[in-house]
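Structure, as structure tokens:
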Amino acid sequence: RAAVAGGADVLVVVGGDGAVRLAAQACSGTGTALGMVPSGTGNDTARSLDVPLRTADALGVVLAGRRRRIDLIATDVPGQDVVVASVPAGVDARIAERSAGLPRWLGPAVYAVATLPEVPRLRPRRYRLDLDGSVRELDALVVAVCNLPVYGGGMRIAPDADPADGLLDVVVIGPVRPGQALGLLAGVFRGRHTGHPAVSVHRAATVGVAGPAEILAHADGDPLGRLPLRLAVRPAALQVLVP
């Protein structure tokens, strides 16, 4: 924040999605651009924006990349103003919580490893979604509010998400059997799951998510808060350096 307040042209983050989000909170709405040198577990923000994961190549983007304006997700959680990539609020949030206790040397595979124990005990939960004032009651396994396409260490959960369209992509996966869930998981890594009948994608500028109180929603891989949550797009709020 001090660097941004001092008029820094670029703030370079060496870290993962959580560090990028902290920097985004400082740079949001300012003239300071955010540069990324990915060195975290998932690096999903970098993946979504085509920033190379190899350090030397990422530094090349910092030095010679172009500026791009992207939207952010504003939250109603005190002290956690914005999210860059996604807010999972279903079984995907429980997976994110479980992954935090696994060894970091697993790298992006930590999310796949955290998923496996959840598959045999999948149980849909009741949710209430408010999408720009249109309310939907539904049973779901996964509810993810996304600004960027990738989460969970490379899963293309919202393959068509555009961080410059002024809308959030809300991906819902309804009840499926455990065997179907494994097939869907494979499809998510390739972004080929959206044609499945249990999957629906909604777009809205403001999103309310109400559901089980025990669900701890996450934001870019870190804990955000218990449901219900109110989220809204913050258009063109951040400048990032991209190839």
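Residues in the structure tokens are numbered from 1 in each chain, the chains being A, B, ... in the order shown, and ligands are numbered from 1 in the order shown.
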
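Every protein, DNA or RNA residue with an atom at most 8 Å from segment 191-194 of chain A, where only C-alpha atoms count and chain neighbours fewer than 5 positions away do not, is listed here: Met155, Arg156, Ile157, Ala158, Pro159, Leu184, Val199, Ser200 and Val201 of chain A.
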
For the interface of segment 177-224 of chain A with segment 145-148 of chain A (cut-off 10 Å, counting only C-alpha atoms), please tabulate each contacting residue of segment 177-224 of chain A alongside its nearest pair of atoms and their separation in Å to one decimal, rows sorted by chain and increasing number, as a tab-separated table.
residue	atom	partner	partner_atom	distance
A:Val201	CA	A:Val145	CA	9.8
A:His202	CA	A:Val145	CA	9.3
A:Arg203	CA	A:Val145	CA	9.3
A:Ala204	CA	A:Val145	CA	9.7
A:Val207	CA	A:Val145	CA	8.0
A:Gly208	CA	A:Val145	CA	9.8
A:Val209	CA	A:Val145	CA	9.1
A:Ala219	CA	A:Val145	CA	9.6
A:Asp220	CA	A:Cys146	CA	9.9

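Across A:Val10, A:Ala64, A:Val188, A:Val91, the tightest approach to Tyr151 of chain A is made by A:Val188 when counting only C-alpha atoms.
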
*asked:* So that I can check the secondary structure, give me every residue of segment 50-214 of chain A assigned helix (DSSP H, G or I) by backbone DSSP, as JSON, numbers by chain.
replied: {"A": [55, 56, 57, 58, 59, 60, 61, 62, 63, 64, 91, 92, 93, 94, 95, 96, 97, 98, 99, 104, 105, 106, 109, 110, 111, 112, 113, 114, 115, 116, 117, 118, 119, 120, 121, 178, 179, 180, 181, 182, 183, 184, 185, 186, 187, 188, 189, 190]}

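Restricting the calculation to only C-alpha atoms, the smallest distance between Gly18 of chain A and any of A:Gly152, A:Pro178, A:Gly42, A:Gly221 is found for A:Gly221.
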
*Between A:Thr206, A:Gln25, A:Thr32, A:Asn43, which one has atoms that come closest to Gly153 of chain A, using only C-alpha atoms?*
A:Asn43

*All residues 10 Å or closer to Leu53 of chain A, only C-alpha atoms, same chain fewer than 6 positions away omitted, as a PyMOL selection string*: chain A and resi 36-40+43-44+46-47+59

*Which residue out of A:Pro124, A:Gly16, A:Gly187, A:Gly79 has the minimum interatomic distance to Ile173 of chain A when only C-alpha atoms are used?*
A:Pro124

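Minimum distance to Val135 of chain A across A:Pro235, A:Val240, A:Ala210, A:Ala33 (counting only C-alpha atoms) occurs at A:Ala210.
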
_as a ChimeraX atom specification, please: every residue in segment 125-221 of chain A that a backbone DSSP assignment puts in strand (DSSP E)._
/A:125-131,134-140,142-146,168-173,199-204,206-210,216-219
